[in-house]
$ cat coords-v4.txt   # compact mmCIF, C-alpha atoms
# COMPACT_ATOMS: atom_id res chain seq x y z
CA MET J 227 31.56 183.12 49.00
CA THR J 228 28.03 182.63 50.31
CA LEU J 229 26.08 185.43 51.97
CA SER J 230 26.33 183.68 55.34
CA SER J 231 30.11 183.36 54.99
CA LEU J 232 30.37 187.01 54.04
CA ALA J 233 28.29 188.00 57.07
CA GLY J 234 30.47 185.82 59.29
CA PHE J 235 33.59 187.50 57.95
CA VAL J 236 32.18 190.98 58.63
CA VAL J 237 31.13 190.08 62.16
CA ALA J 238 34.52 188.52 62.91
CA VAL J 239 36.57 191.49 61.70
CA ALA J 240 34.21 193.92 63.46
CA LEU J 241 34.70 192.10 66.76
CA ALA J 242 38.46 192.01 66.17
CA ALA J 243 38.45 195.78 65.64
CA MET J 244 36.55 196.32 68.89
CA VAL J 245 39.13 194.48 70.98
CA PRO J 246 41.23 197.21 72.68
CA GLY J 247 44.86 197.36 71.62
CA PRO J 248 47.62 199.78 70.64
CA THR J 249 45.74 201.10 67.61
CA THR J 250 42.72 201.81 69.82
CA ALA J 251 44.92 203.84 72.16
CA LEU J 252 46.33 205.86 69.26
CA VAL J 253 42.89 206.55 67.77
CA ILE J 254 41.40 207.60 71.11
CA ARG J 255 44.32 209.94 71.76
CA ARG J 256 44.03 211.64 68.36
CA GLY J 257 40.23 211.69 68.48
CA ALA J 258 40.18 213.23 71.94
CA LEU J 259 42.50 216.03 70.85
CA GLY J 260 41.07 216.77 67.41
CA GLY J 261 38.07 214.62 66.56
CA ALA J 262 37.66 212.16 63.69
CA ARG J 263 39.56 214.41 61.30
CA ALA J 264 42.67 214.34 63.48
CA ALA J 265 42.40 210.56 63.89
CA ALA J 266 42.05 209.99 60.12
CA PRO J 267 45.81 209.80 59.40
CA VAL J 268 46.35 207.21 62.15
CA ILE J 269 43.48 205.16 60.74
CA ALA J 270 44.83 205.55 57.19
CA GLY J 271 48.25 204.31 58.33
CA MET J 272 46.66 201.38 60.14
CA GLN J 273 44.78 200.33 57.02
CA ALA J 274 47.91 200.62 54.89
CA GLY J 275 49.60 198.22 57.31
CA LEU J 276 46.62 195.88 57.19
CA SER J 277 46.71 195.95 53.37
CA ALA J 278 50.41 195.08 53.41
CA TRP J 279 49.80 192.04 55.61
CA ALA J 280 46.86 190.94 53.45
CA LEU J 281 49.07 191.13 50.38
CA ALA J 282 51.82 189.29 52.22
CA SER J 283 49.32 186.60 53.18
CA ALA J 284 48.29 186.16 49.55
CA TRP J 285 51.95 185.79 48.58
CA GLY J 286 52.71 183.43 51.42
CA LEU J 287 54.96 185.77 53.40
CA ALA J 288 52.61 185.82 56.38
CA ALA J 289 52.77 182.04 56.38
CA LEU J 290 56.55 182.26 56.68
CA VAL J 291 56.29 184.63 59.65
CA ALA J 292 53.70 182.43 61.32
CA ALA J 293 55.74 179.27 60.75
CA SER J 294 59.24 180.60 61.45
CA GLU J 295 60.03 180.96 65.12
CA VAL J 296 62.93 183.33 64.42
CA ALA J 297 60.93 185.58 62.05
CA PHE J 298 58.06 185.73 64.52
CA LEU J 299 60.43 186.59 67.38
CA VAL J 300 62.07 189.37 65.35
CA LEU J 301 58.67 190.82 64.47
CA ARG J 302 57.61 190.68 68.12
CA VAL J 303 60.73 192.51 69.26
CA VAL J 304 60.43 195.18 66.59
CA GLY J 305 56.75 195.61 67.40
CA ALA J 306 57.53 195.94 71.10
CA VAL J 307 60.18 198.59 70.40
CA VAL J 308 57.74 200.58 68.25
CA LEU J 309 55.03 200.52 70.93
CA VAL J 310 57.44 201.52 73.69
CA TYR J 311 58.78 204.33 71.50
CA LEU J 312 55.26 205.63 70.85
CA GLY J 313 54.52 205.40 74.57
CA VAL J 314 57.62 207.40 75.45
CA GLN J 315 56.65 210.00 72.84
CA ALA J 316 53.25 210.33 74.50
CA TRP J 317 54.89 210.87 77.89
CA ARG J 318 57.17 213.51 76.36
CA ALA J 319 54.11 215.20 74.86
CA ALA J 320 52.51 215.24 78.32
CA ARG J 321 55.52 217.09 79.72
CA ALA J 322 55.25 219.66 76.91
CA VAL J 323 51.59 220.49 77.58
CA THR J 324 51.00 223.94 79.08
CA GLU J 325 47.90 225.99 79.78
CA ASP J 326 48.57 227.81 76.48
CA ASN J 327 48.79 224.77 74.23
CA GLY J 328 46.47 222.39 76.04
CA VAL J 329 43.46 223.22 73.88
CA SER J 330 45.19 223.50 70.54
CA GLY J 331 45.22 221.00 67.65
CA ALA J 332 45.83 217.29 67.79
CA ASP J 333 49.57 217.81 68.03
CA GLY J 334 49.44 220.78 70.35
CA ASN J 335 50.43 223.39 67.75
CA GLY J 336 48.75 226.76 67.92
CA GLY J 337 48.95 229.91 65.82
CA ASN J 338 48.38 230.61 62.15
CA GLY J 339 50.27 230.92 58.90
CA ALA J 340 52.36 228.84 56.54
CA GLY J 341 54.53 227.49 59.36
CA ASP J 342 51.50 226.01 61.08
CA GLU J 343 50.27 224.53 57.81
CA ALA J 344 53.64 222.82 57.31
CA ALA J 345 53.55 221.62 60.91
CA ALA J 346 50.05 220.23 60.33
CA ARG J 347 51.25 218.31 57.27
CA ALA J 348 54.21 216.96 59.22
CA GLY J 349 51.88 215.96 62.03
CA TRP J 350 49.62 214.17 59.52
CA TRP J 351 52.50 212.07 58.22
CA ARG J 352 53.80 211.34 61.74
CA ALA J 353 50.37 210.13 62.78
CA ALA J 354 49.99 208.01 59.64
CA GLY J 355 53.46 206.56 60.20
CA ALA J 356 52.55 205.64 63.77
CA GLY J 357 49.45 203.78 62.59
CA LEU J 358 51.38 202.07 59.80
CA LEU J 359 54.25 200.93 62.03
CA THR J 360 51.88 199.74 64.75
CA ASN J 361 50.12 197.37 62.35
CA LEU J 362 53.18 196.39 60.32
CA THR J 363 55.03 195.27 63.44
CA ASN J 364 52.08 193.50 65.05
CA PRO J 365 52.64 189.73 64.71
CA LYS J 366 49.02 189.07 65.65
CA ILE J 367 47.92 190.74 62.43
CA ALA J 368 50.35 188.57 60.46
CA VAL J 369 48.93 185.43 62.04
CA PHE J 370 45.38 186.76 61.61
CA ALA J 371 45.95 187.35 57.89
CA PHE J 372 47.48 183.89 57.46
CA ALA J 373 45.00 181.90 59.54
CA PHE J 374 41.75 183.80 59.04
CA TYR J 375 41.56 184.98 55.43
CA PRO J 376 42.15 181.55 53.83
CA GLN J 377 39.05 180.19 55.57
CA PHE J 378 36.96 182.40 53.28
CA ILE J 379 38.74 181.59 50.03
CA SER J 380 36.97 178.92 47.98
CA PRO J 381 39.02 176.15 46.37
CA GLY J 382 40.04 177.13 42.86
CA ALA J 383 39.49 180.84 43.46
CA ASP J 384 42.14 183.41 42.58
CA VAL J 385 43.94 183.70 45.91
CA LEU J 386 45.44 187.16 45.36
CA THR J 387 42.21 188.73 44.07
CA THR J 388 40.02 187.12 46.72
CA THR J 389 42.40 187.99 49.54
CA MET J 390 42.60 191.64 48.51
CA ALA J 391 38.80 191.78 48.17
CA LEU J 392 38.50 190.44 51.72
CA ALA J 393 41.13 192.93 52.85
CA LEU J 394 39.16 195.79 51.29
CA LEU J 395 36.05 194.71 53.17
CA HIS J 396 38.12 194.35 56.33
CA ILE J 397 39.49 197.88 55.86
CA VAL J 398 36.00 199.32 55.41
CA VAL J 399 34.72 197.66 58.60
CA ASP J 400 37.86 198.50 60.58
CA SER J 401 37.94 202.14 59.43
CA THR J 402 34.24 202.61 60.13
CA TRP J 403 34.62 201.39 63.70
CA PHE J 404 37.63 203.56 64.47
CA LEU J 405 36.09 206.64 62.85
CA VAL J 406 33.02 206.13 65.03
CA VAL J 407 35.25 205.85 68.10
CA ALA J 408 37.21 208.98 67.13
CA ALA J 409 34.04 210.95 66.38
CA PHE J 410 32.47 209.93 69.68
CA VAL J 411 35.53 210.88 71.69
CA GLY J 412 35.90 214.05 69.62
CA ARG J 413 32.45 215.23 70.67
CA VAL J 414 33.88 215.92 74.11
CA ARG J 415 37.31 217.11 72.97
CA ALA J 416 36.76 220.46 74.67
CA PHE J 417 37.06 218.50 77.89
CA PHE J 418 40.09 216.57 76.65
CA GLY J 419 41.62 219.81 75.39
CA ARG J 420 42.10 221.15 78.92
CA ALA J 421 45.78 221.20 79.78
CA ASN J 422 45.44 219.07 82.91
CA VAL J 423 43.17 216.54 81.21
CA ARG J 424 45.43 216.39 78.17
CA ARG J 425 48.47 215.69 80.34
CA HIS J 426 46.63 212.79 81.95
CA LEU J 427 45.45 211.53 78.57
CA GLU J 428 48.99 211.55 77.18
CA ARG J 429 50.31 209.78 80.27
CA ILE J 430 47.59 207.13 80.17
CA THR J 431 48.12 206.57 76.44
CA GLY J 432 51.87 206.37 76.95
CA THR J 433 51.52 203.92 79.82
CA VAL J 434 49.13 201.71 77.85
CA LEU J 435 51.41 201.65 74.79
CA ILE J 436 54.52 200.89 76.87
CA ALA J 437 52.66 198.16 78.76
CA LEU J 438 51.43 196.62 75.50
CA GLY J 439 54.96 196.80 74.10
CA LEU J 440 56.46 195.05 77.12
CA ARG J 441 53.69 192.45 77.06
CA LEU J 442 54.34 191.80 73.37
CA ALA J 443 58.05 191.38 74.08
CA VAL J 444 57.60 188.76 76.79
CA HIS J 445 54.30 187.11 75.81
CA GLN J 446 54.54 183.63 74.36
CA PRO J 447 51.64 183.08 71.93
$ encode --input "coords-v4.txt" --output "structure tokens"
Amino acid sequence: MTLSSLAGFVVAVALAAMVPGPTTALVIRRGALGGARAAAPVIAGMQAGLSAWALASAWGLAALVAASEVAFLVLRVVGAVVLVYLGVQAWRAARAVTEDNGVSGADGNGGNGAGDEAAARAGWWRAAGAGLLTNLTNPKIAVFAFAFYPQFISPGADVLTTTMALALLHIVVDSTWFLVVAAFVGRVRAFFGRANVRRHLERITGTVLIALGLRLAVHQP
């Protein structure tokens, strides 16, 4: 790959990362409540999902999803269900916010001790799972991996190795952008930690995720 092609790839994936979507909503929510550190598991899950689609692309599975109308429809429906579920969870979290827990950690858990440490670990895995599922069930990422990556693979090159190298670069760019977003939002998390503000944040996030889920369910690409 030439330097100009590499630069073009970086610019393209950076712009793709900046386009608002369900992952952006998840990162902003976590970043607003706990900063970049709280958003890290969501971002890690997202990149795991991206890696899975890159690997699938190298093996031709993404091509099957992109070419099969039934497979694409199934993925769209599953993706829509996941987004709506995450949106409903955000609305439920909004109802659970009180003046006492509004300024606590990213999952609204206060206190100290082993129980809180276990809750923090559970929250980490839940957040990572949300990021993973959001990307795994996003048909646009499947199509992106199938249609975009091959443009940067030279004839005769090892497809699997080159694809995973591109995916690694993609992950670095994507993670950097979302960590910057989370850190920026986290700088004012004292504001977002207020109970009233947090309720509104959860409701807005939930509404956005549900709307994106419904749009994914009915949108014809």
$ atom_distance --input "coords-v4.txt" --atom1 "atom CA of Leu259 of chain J" --atom2 "atom CA of Asn422 of chain J"
12.8 Å
$ atom_distance --input "coords-v4.txt" --atom1 "atom CA of Val399 of chain J" --atom2 "atom CA of Val253 of chain J"
15.2 Å
$ closest_residue --input "coords-v4.txt" --among "J:Pro365, J:Leu394, J:Leu427, J:Gly412" --to "Glu295 of chain J" --atoms "only C-alpha atoms"
J:Pro365
$ residues_around --input "coords-v4.txt" --residues "Phe374 of chain J" --least-positions-apart "5" --cutoff "10 Å" --atoms "all atoms listed in the file" --output "list in words"
Phe235, Ala238, Val239, Ser283, Ile367, Ala368, Val369 and Ile379 of chain J
$ closest_residue --input "coords-v4.txt" --among "J:Ile430, J:Leu386, J:Leu395, J:Leu435" --to "Leu281 of chain J" --atoms "only C-alpha atoms"
J:Leu386
$ atom_distance --input "coords-v4.txt" --atom1 "atom CA of Gly382 of chain J" --atom2 "atom CA of Phe370 of chain J"
21.7 Å
$ residues_around --input "coords-v4.txt" --residues "Val407 of chain J" --least-positions-apart "2" --cutoff "12 Å" --atoms "all atoms listed in the file" --output "ChimeraX atom specification"
/J:243-244,246,249-258,261-263,265-266,269,400-405,409-414
$ write_last_selection --input "coords-v4.txt" --atoms "C-alpha atoms" --output "mmCIF file, in the frame of the given file"
data_model
loop_
_atom_site.group_PDB
_atom_site.id
_atom_site.type_symbol
_atom_site.label_atom_id
_atom_site.label_comp_id
_atom_site.auth_asym_id
_atom_site.auth_seq_id
_atom_site.Cartn_x
_atom_site.Cartn_y
_atom_site.Cartn_z
ATOM 1 C CA ALA J 243 38.450 195.780 65.640
ATOM 2 C CA MET J 244 36.550 196.320 68.890
ATOM 3 C CA PRO J 246 41.230 197.210 72.680
ATOM 4 C CA THR J 249 45.740 201.100 67.610
ATOM 5 C CA THR J 250 42.720 201.810 69.820
ATOM 6 C CA ALA J 251 44.920 203.840 72.160
ATOM 7 C CA LEU J 252 46.330 205.860 69.260
ATOM 8 C CA VAL J 253 42.890 206.550 67.770
ATOM 9 C CA ILE J 254 41.400 207.600 71.110
ATOM 10 C CA ARG J 255 44.320 209.940 71.760
ATOM 11 C CA ARG J 256 44.030 211.640 68.360
ATOM 12 C CA GLY J 257 40.230 211.690 68.480
ATOM 13 C CA ALA J 258 40.180 213.230 71.940
ATOM 14 C CA GLY J 261 38.070 214.620 66.560
ATOM 15 C CA ALA J 262 37.660 212.160 63.690
ATOM 16 C CA ARG J 263 39.560 214.410 61.300
ATOM 17 C CA ALA J 265 42.400 210.560 63.890
ATOM 18 C CA ALA J 266 42.050 209.990 60.120
ATOM 19 C CA ILE J 269 43.480 205.160 60.740
ATOM 20 C CA ASP J 400 37.860 198.500 60.580
ATOM 21 C CA SER J 401 37.940 202.140 59.430
ATOM 22 C CA THR J 402 34.240 202.610 60.130
ATOM 23 C CA TRP J 403 34.620 201.390 63.700
ATOM 24 C CA PHE J 404 37.630 203.560 64.470
ATOM 25 C CA LEU J 405 36.090 206.640 62.850
ATOM 26 C CA ALA J 409 34.040 210.950 66.380
ATOM 27 C CA PHE J 410 32.470 209.930 69.680
ATOM 28 C CA VAL J 411 35.530 210.880 71.690
ATOM 29 C CA GLY J 412 35.900 214.050 69.620
ATOM 30 C CA ARG J 413 32.450 215.230 70.670
ATOM 31 C CA VAL J 414 33.880 215.920 74.110
#
$ closest_residue --input "coords-v4.txt" --among "J:Gly313, J:Gly286, J:Gly275, J:Gly305" --to "Ile397 of chain J" --atoms "all atoms listed in the file"
J:Gly275
$ axis_aligned_box --input "coords-v4.txt" --around "segment 383-393 of chain J" --padding-each-side "3 Å" --output "lines of an AutoDock Vina configuration file"
center_x = 42.0
center_y = 186.9
center_z = 47.7
size_x = 12.9
size_y = 18.1
size_z = 16.3
$ closest_residue --input "coords-v4.txt" --among "J:Ala270, J:Val310, J:Val385, J:Phe378" --to "Ser230 of chain J" --atoms "all atoms listed in the file"
J:Phe378
$ residues_around --input "coords-v4.txt" --residues "Pro267 of chain J" --least-positions-apart "3" --cutoff "10 Å" --atoms "all atoms listed in the file" --output "list of chain:residue names"
J:Val253, J:Arg256, J:Ala262, J:Arg263, J:Ala264, J:Ala270, J:Gly271, J:Met272, J:Gln273, J:Gly349, J:Trp350, J:Trp351, J:Arg352, J:Ala353, J:Ala354, J:Gly355, J:Ala356, J:Gly357, J:Leu358
$ closest_residue --input "coords-v4.txt" --among "J:Gln315, J:Leu301, J:Gly260, J:Gly247" --to "Gly432 of chain J" --atoms "only C-alpha atoms"
J:Gln315
$ closest_residue --input "coords-v4.txt" --among "J:Leu392, J:Val308, J:Val434, J:Ala421" --to "Leu359 of chain J" --atoms "only C-alpha atoms"
J:Val308
$ decode --input "coords-v4.txt" --residues "segment 363-408 of chain J" --atoms "C-alpha atoms" --output "mmCIF file, in the first residue's frame"
data_model
loop_
_atom_site.group_PDB
_atom_site.id
_atom_site.type_symbol
_atom_site.label_atom_id
_atom_site.label_comp_id
_atom_site.auth_asym_id
_atom_site.auth_seq_id
_atom_site.Cartn_x
_atom_site.Cartn_y
_atom_site.Cartn_z
ATOM 1 C CA THR J 363 -25.455 -6.433 14.771
ATOM 2 C CA ASN J 364 -24.822 -3.368 12.621
ATOM 3 C CA PRO J 365 -25.209 -4.390 8.957
ATOM 4 C CA LYS J 366 -23.561 -1.163 7.843
ATOM 5 C CA ILE J 367 -20.306 -2.329 9.404
ATOM 6 C CA ALA J 368 -20.614 -5.654 7.588
ATOM 7 C CA VAL J 369 -21.068 -3.878 4.273
ATOM 8 C CA PHE J 370 -18.299 -1.411 5.151
ATOM 9 C CA ALA J 371 -15.867 -4.255 5.864
ATOM 10 C CA PHE J 372 -16.807 -6.023 2.631
ATOM 11 C CA ALA J 373 -16.862 -3.014 0.309
ATOM 12 C CA PHE J 374 -14.198 -0.751 1.799
ATOM 13 C CA TYR J 375 -11.297 -2.899 3.001
ATOM 14 C CA PRO J 376 -10.744 -4.756 -0.308
ATOM 15 C CA GLN J 377 -10.077 -1.442 -2.069
ATOM 16 C CA PHE J 378 -6.829 -1.201 -0.098
ATOM 17 C CA ILE J 379 -5.644 -4.771 -0.640
ATOM 18 C CA SER J 380 -3.141 -5.105 -3.472
ATOM 19 C CA PRO J 381 -3.501 -7.974 -5.943
ATOM 20 C CA GLY J 382 -1.489 -10.968 -4.788
ATOM 21 C CA ALA J 383 -1.308 -9.779 -1.187
ATOM 22 C CA ASP J 384 -2.221 -12.060 1.706
ATOM 23 C CA VAL J 385 -5.879 -11.138 2.169
ATOM 24 C CA LEU J 386 -6.207 -12.255 5.794
ATOM 25 C CA THR J 387 -2.990 -10.572 6.964
ATOM 26 C CA THR J 388 -3.630 -7.346 5.063
ATOM 27 C CA THR J 389 -7.251 -7.139 6.176
ATOM 28 C CA MET J 390 -6.352 -7.594 9.835
ATOM 29 C CA ALA J 391 -3.569 -5.005 9.513
ATOM 30 C CA LEU J 392 -6.102 -2.553 8.090
ATOM 31 C CA ALA J 393 -8.518 -3.484 10.872
ATOM 32 C CA LEU J 394 -5.837 -2.780 13.483
ATOM 33 C CA LEU J 395 -5.248 0.656 11.996
ATOM 34 C CA HIS J 396 -9.005 1.199 11.854
ATOM 35 C CA ILE J 397 -9.308 0.241 15.528
ATOM 36 C CA VAL J 398 -6.551 2.670 16.536
ATOM 37 C CA VAL J 399 -8.198 5.568 14.677
ATOM 38 C CA ASP J 400 -11.694 4.657 15.873
ATOM 39 C CA SER J 401 -10.631 4.207 19.509
ATOM 40 C CA THR J 402 -8.665 7.452 19.510
ATOM 41 C CA TRP J 403 -11.661 9.422 18.294
ATOM 42 C CA PHE J 404 -14.076 7.943 20.807
ATOM 43 C CA LEU J 405 -11.627 8.313 23.693
ATOM 44 C CA VAL J 406 -11.247 11.985 22.779
ATOM 45 C CA VAL J 407 -15.033 12.353 22.734
ATOM 46 C CA ALA J 408 -15.383 10.584 26.098
#
